[in-house]
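Peer 1: The structure that follows is given in the form of structure tokens.
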Amino acid sequence: MSRAKLLARSVRGRASLAAGAVVAVALLLGALLFDTALTRGVEQSALASAEASAERIAARVGPDGAALGTDFDDDELVQILTPEGTIAAASPDARDIPPLRDGRVVVDNDAFIVAHEGVKDSRLTVLVAHEIDDGLEVVATARWLLATSIPALIAFVALGAWILTGRALAPVTRIRAEVEDIEAARLGTRLKVPDTGDEVAHLASTMNHMLDRLDAAARAQRRFVADASHELRSPLAVIHQHAEVASLHPGSVSVNELAEVVLSEGARLQGLVDALLLLARLEEGAEHAHQVVDLDDLALDEVHRARRDGVRVDGAGIGAARVHGNPRLLGQVLRNLVDNAVRHARSQVAVSLVTRDGIAELIVDDDGHGIPPRHRADIFDRFVRLDEARARDQGGAGLGLAIVHEIVETHSGSVTVDDSPQGGARFVVRLPTNSA
């Protein structure tokens with residue numbers, strides 16, 4: 001039996017037990033209240049009859065207890081007691097029994113309710129006992145009916161809960177079975193969404209949305225692995241090719257040429273591995289060491305570094321700004337943006353930093369060819385390089401801007417790209433400032 005069916009049966013069993021338990025408690029409480037109310041009703045009815053008889057007899061009895069009469073109900077016992085508690089007069093059935101007392105009494109295995117009434121102008125007391133056995137038999141019959149019907153009703157409710165729960169869970173069981181059959185290689189499979197518009201339909205739609213996200217993540221992961229493998233293979237292939245040529249033709253490649261190729265491709269390989277490791281750490285949230293950072297100092301350092309490489313970089317627009325973050329990662333953002341701008345600029349790069357409404361805006365402009373609007377949503381993806389940057393001698397593996405995007409997001413910021421006033425691309429990074 002499949003796991004889905006076992007789970008469905010377990011849920012149905014728990015639902016049936018829960019329904020049966022709730023109904024059992026409710027019925028038992030109801031039966032107890034009904035029994036109490038019925039018994040009290042029998043007693044109150046008998047007491048009312050006894051009080052009426054006692055009042056009627058006391059009205060005709062003389063001060064000496066005479067004129068008791070003989071018109072007594074068959075289910076009543078009557079006694080007239082003196083102040084000392086002795087019987088002054090009694091009905092025929094009550095002469096040979098002890099003096100009665102108020103409340104519920106048993107005489108010759110019969111139950112009675114006793115009421116009393118004082119005789120006018122006398123110290124005598126009339127006691128009337130009204131039989132309640134017939135009423136108690138009705139109560140006993142009701143108890144027997146409840147005792148036999150309640151278990152049957154509980155069983156009926158539990159069975160109904162089992163059937164209804166099974167019908168309600170049938171679509172959920174089907175959805176679970178379909179989800180269990182979906183494997184990593186078949187993430188494109190989708191569940192059938194019923195047209196009922198209820199919670200089951202919403203569940204199926206939610207599962208399909210989740211499968212969409214998983215499918216997209218799996219495709220992105222496969223694409224990432226393929227791109228990473230390709231990028232890692234390229235420098236290794238170059239090193240292997242030059243080493244093989246040097247081995248087969250010792251005089252064709254000098255040691256210096258081979259060392260230069262190995263160092264160059266090794267540096268490229270090292271940079272790619274470092275970028276991949278940084279992205280992995282960012283995804284895992286391992287870079288959490290945040291502090292107050294002077295973003296303008298980091299920007300000025302990158303401007304001076306780029307100038308040392310002989311590139312014309314304008315940093316006049318850099319103003320003071322403090323943010324809360326990781327200085328090493330924020331420095332990586334600036335370096336990647338400046339390097340990207342320098343790589344694509346014709347003659348000039350400009351870096352500016354301003355603060356507006358508690359937001360630090362870092363702007364990097366270049367006068368290159370710019371980025372077409374159709375590509376602006378993709379350039380922050382991994383291993384994405386536009387046609388201009390495809391050549392190996394013009395840049396990295398397409399991870400720089402992806403790293404910028406990941407770092408900025410971990411700092412609760414945003415990065416966008418637009419047209420630059422200089423004619424090229426403008427990258428804008430927005431980060432919340434720190435007032436400390």
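Every chain in the structure tokens takes a letter, A first, then B, and so on in the order presented; its residues are numbered from 1, and the ligands are numbered from 1 following the presented order.
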Could you list, as a PyMOL selection string, every residue within 10 Å of Ser205 in chain A, counting only C-alpha atoms and ignoring same-chain residues fewer than 5 positions away?

Peer 2: chain A and resi 190-194+199-200+210-211

Peer 1: Within 12 Å of range 238-242 of chain A, counting only C-alpha atoms, which residues qualify if same-chain residues fewer than 2 places away don't, as a compact mmCIF listing (two decimals) with C-alpha atoms, in the first residue's frame?

Peer 2:
```txt
# COMPACT_ATOMS: atom_id res chain seq x y z
CA GLU A 231 34.14 28.39 -18.09
CA LEU A 232 36.36 26.19 -15.94
CA ARG A 233 37.24 23.98 -18.89
CA SER A 234 38.39 26.86 -21.09
CA PRO A 235 41.50 27.90 -19.11
CA LEU A 236 42.31 24.27 -18.40
CA GLU A 244 51.06 19.43 -25.02
CA VAL A 245 52.64 21.57 -27.75
CA ALA A 246 55.68 22.20 -25.55
CA SER A 247 55.96 18.47 -24.83
CA LEU A 248 55.65 17.36 -28.47
CA HIS A 249 57.73 20.19 -29.90
CA PRO A 250 60.24 21.26 -27.26
CA SER A 252 58.45 25.63 -30.47
CA VAL A 253 57.39 27.09 -27.09
CA SER A 254 59.79 28.73 -24.69
CA VAL A 255 59.63 28.25 -20.97
CA ASN A 256 58.73 31.91 -20.49
CA GLU A 257 55.86 31.69 -22.98
CA LEU A 258 54.52 28.57 -21.31
CA ALA A 259 54.87 30.11 -17.84
CA GLU A 260 53.06 33.24 -19.03
CA VAL A 261 50.15 31.22 -20.40
CA VAL A 262 49.94 29.07 -17.26
CA LEU A 263 50.03 32.10 -14.96
CA SER A 264 47.46 34.01 -17.02
CA GLU A 265 45.03 31.13 -17.34
CA GLY A 266 45.65 30.10 -13.72
CA ALA A 267 44.76 33.60 -12.57
CA ARG A 268 41.60 33.47 -14.67
CA LEU A 269 40.78 30.07 -13.23
CA ARG A 392 38.15 36.17 -23.84
```

Peer 1: As a ChimeraX atom specification, please: every residue in range 178-391 of chain A that a backbone DSSP assignment puts in strand (DSSP E or B).

Peer 2: /A:291-294,313-318,322-325,349-356,359-366

Peer 1: Could you write out the selected residues, including C-alpha atoms, as a compact mmCIF listing (two decimals), in the first residue's frame?

Peer 2:
```txt
# COMPACT_ATOMS: atom_id res chain seq x y z
CA GLN A 291 29.48 47.06 10.65
CA VAL A 292 29.27 50.78 9.94
CA VAL A 293 31.04 51.39 6.61
CA ASP A 294 32.12 54.69 5.04
CA VAL A 313 37.95 57.95 -13.94
CA ASP A 314 36.09 60.94 -12.50
CA GLY A 315 35.32 60.77 -8.77
CA ALA A 316 34.35 64.39 -8.18
CA GLY A 317 30.75 63.46 -7.47
CA ILE A 318 31.56 61.25 -4.49
CA ARG A 322 27.60 55.69 5.74
CA VAL A 323 25.91 52.33 5.45
CA HIS A 324 25.68 49.24 7.61
CA GLY A 325 27.24 46.23 5.97
CA VAL A 349 34.14 56.56 -16.34
CA ALA A 350 32.41 58.59 -13.60
CA VAL A 351 31.68 57.48 -10.05
CA SER A 352 29.34 59.48 -7.80
CA LEU A 353 27.79 58.94 -4.38
CA VAL A 354 24.88 60.92 -2.92
CA THR A 355 22.44 60.51 -0.04
CA ARG A 356 18.71 61.12 -0.49
CA ILE A 359 19.23 56.10 0.93
CA ALA A 360 22.81 56.10 -0.34
CA GLU A 361 22.92 56.11 -4.15
CA LEU A 362 26.12 54.87 -5.76
CA ILE A 363 26.21 55.71 -9.47
CA VAL A 364 28.74 54.38 -11.98
CA ASP A 365 28.60 55.86 -15.53
CA ASP A 366 30.56 55.05 -18.64
```

Peer 1: As number ranges by chain, please: the residues near range 328-331 of chain A (cut-off 8 Å, only C-alpha atoms, same-chain neighbours under 4 positions excluded).

Peer 2: A: 295, 298-299, 335, 407-408

Peer 1: Name the residues in contact with range 26-42 of chain A at a cut-off of 7 Å, using only C-alpha atoms, excluding same-chain residues fewer than 5 positions from it; report them as a compact mmCIF listing (two decimals) with N, CA and C atoms, in the first residue's frame.

Peer 2:
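Full text of part.txt as output:
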```txt
# COMPACT_ATOMS: atom_id res chain seq x y z
N GLY A 135 -43.38 7.44 38.12
CA GLY A 135 -42.49 8.41 37.47
C GLY A 135 -41.06 7.91 37.36
N VAL A 139 -38.42 7.30 34.22
CA VAL A 139 -37.01 7.70 34.19
C VAL A 139 -36.12 6.52 33.86
N LEU A 146 -31.58 5.61 26.44
CA LEU A 146 -30.34 6.37 26.20
C LEU A 146 -29.13 5.45 26.20
N ILE A 150 -27.31 5.61 22.58
CA ILE A 150 -26.10 6.45 22.48
C ILE A 150 -24.95 5.71 21.81
```

Peer 1: Give me, please, the distance in Å between CA of Ala377 in chain A and CA of Leu334 in chain A, quoted to one decimal.

Peer 2: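 Rounded to one decimal, the two atoms are 20.2 Å apart.
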
Peer 1: Quick one: pick out all alpha helix (DSSP H) residues within range 79-308 of chain A from a backbone DSSP run and write them as a PyMOL selection string.

Peer 2: chain A and resi 133-181+199-248+255-284+295-308

Peer 1: Restricting the calculation to only C-alpha atoms: of A:Arg343, A:Arg213, A:His290, A:Arg174, which residue gets closest to His411 in chain A?

Peer 2: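 Selected residue with least distance to His411 in chain A: A:His290.
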
Peer 1: Set out as a tab-separated table a contact list for range 114-138 of chain A and range 82-92 of chain A with a cut-off of 8 Å, giving each residue of range 114-138 of chain A that qualifies its closest atom pair and distance in Å to one decimal, counting only C-alpha atoms, ordered by chain and rising residue number.

Peer 2:
```
residue	atom	partner	partner_atom	distance
A:Arg123	CA	A:Pro83	CA	6.2
A:Leu124	CA	A:Thr82	CA	5.0
A:Thr125	CA	A:Thr82	CA	6.7
```

Peer 1: For the atom pair CA of Ala46 in chain A and CA of Leu81 in chain A, what is the interatomic distance in Å to one decimal place?

Peer 2: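 Separation of CA of Ala46 in chain A and CA of Leu81 in chain A: 21.1 Å.
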
Peer 1: Just checking: using only C-alpha atoms, which residue out of A:Asp198, A:Leu127, A:Thr410, A:Arg176 ends up closest to Asn326 in chain A?

Peer 2: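 Smallest distance to Asn326 in chain A is found for A:Thr410.
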
Peer 1: What is the CA of His130 in chain A-CA of Ala142 in chain A distance in Å, reported with one decimal?

Peer 2: 21.7 Å

Peer 1: Could you pull the residues within 10 Å of Val107 in chain A, counting only C-alpha atoms, minus those fewer than 5 positions along the same chain, as a PyMOL selection string?

Peer 2: chain A and resi 77+94+97-98+100+112+129+131

Peer 1: Restricting the output to C-alpha atoms, write the selected residues as a PDB file, in the first residue's frame.

Peer 2:
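What ended up in again.pdb:
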```pdb
ATOM      1  CA  LEU A  77     -50.096   8.221  52.679  1.00  0.00           C
ATOM      2  CA  ALA A  94     -50.066   4.886  57.028  1.00  0.00           C
ATOM      3  CA  ILE A  97     -45.537   2.825  59.588  1.00  0.00           C
ATOM      4  CA  PRO A  98     -43.200   5.141  61.456  1.00  0.00           C
ATOM      5  CA  LEU A 100     -43.171  10.414  58.024  1.00  0.00           C
ATOM      6  CA  PHE A 112     -42.607   8.667  48.118  1.00  0.00           C
ATOM      7  CA  ALA A 129     -46.531  11.213  51.063  1.00  0.00           C
ATOM      8  CA  GLU A 131     -45.843   7.869  45.485  1.00  0.00           C
TER       9      GLU A 131
END
```

Peer 1: Do a neighbour search on Gly370 in chain A at 7 Å with only C-alpha atoms, toss out local chain neighbours closer than 4 positions, and write the hits as a list in words.

Peer 2: Asp419, Gly423, Gly424 and Ala425 of chain A
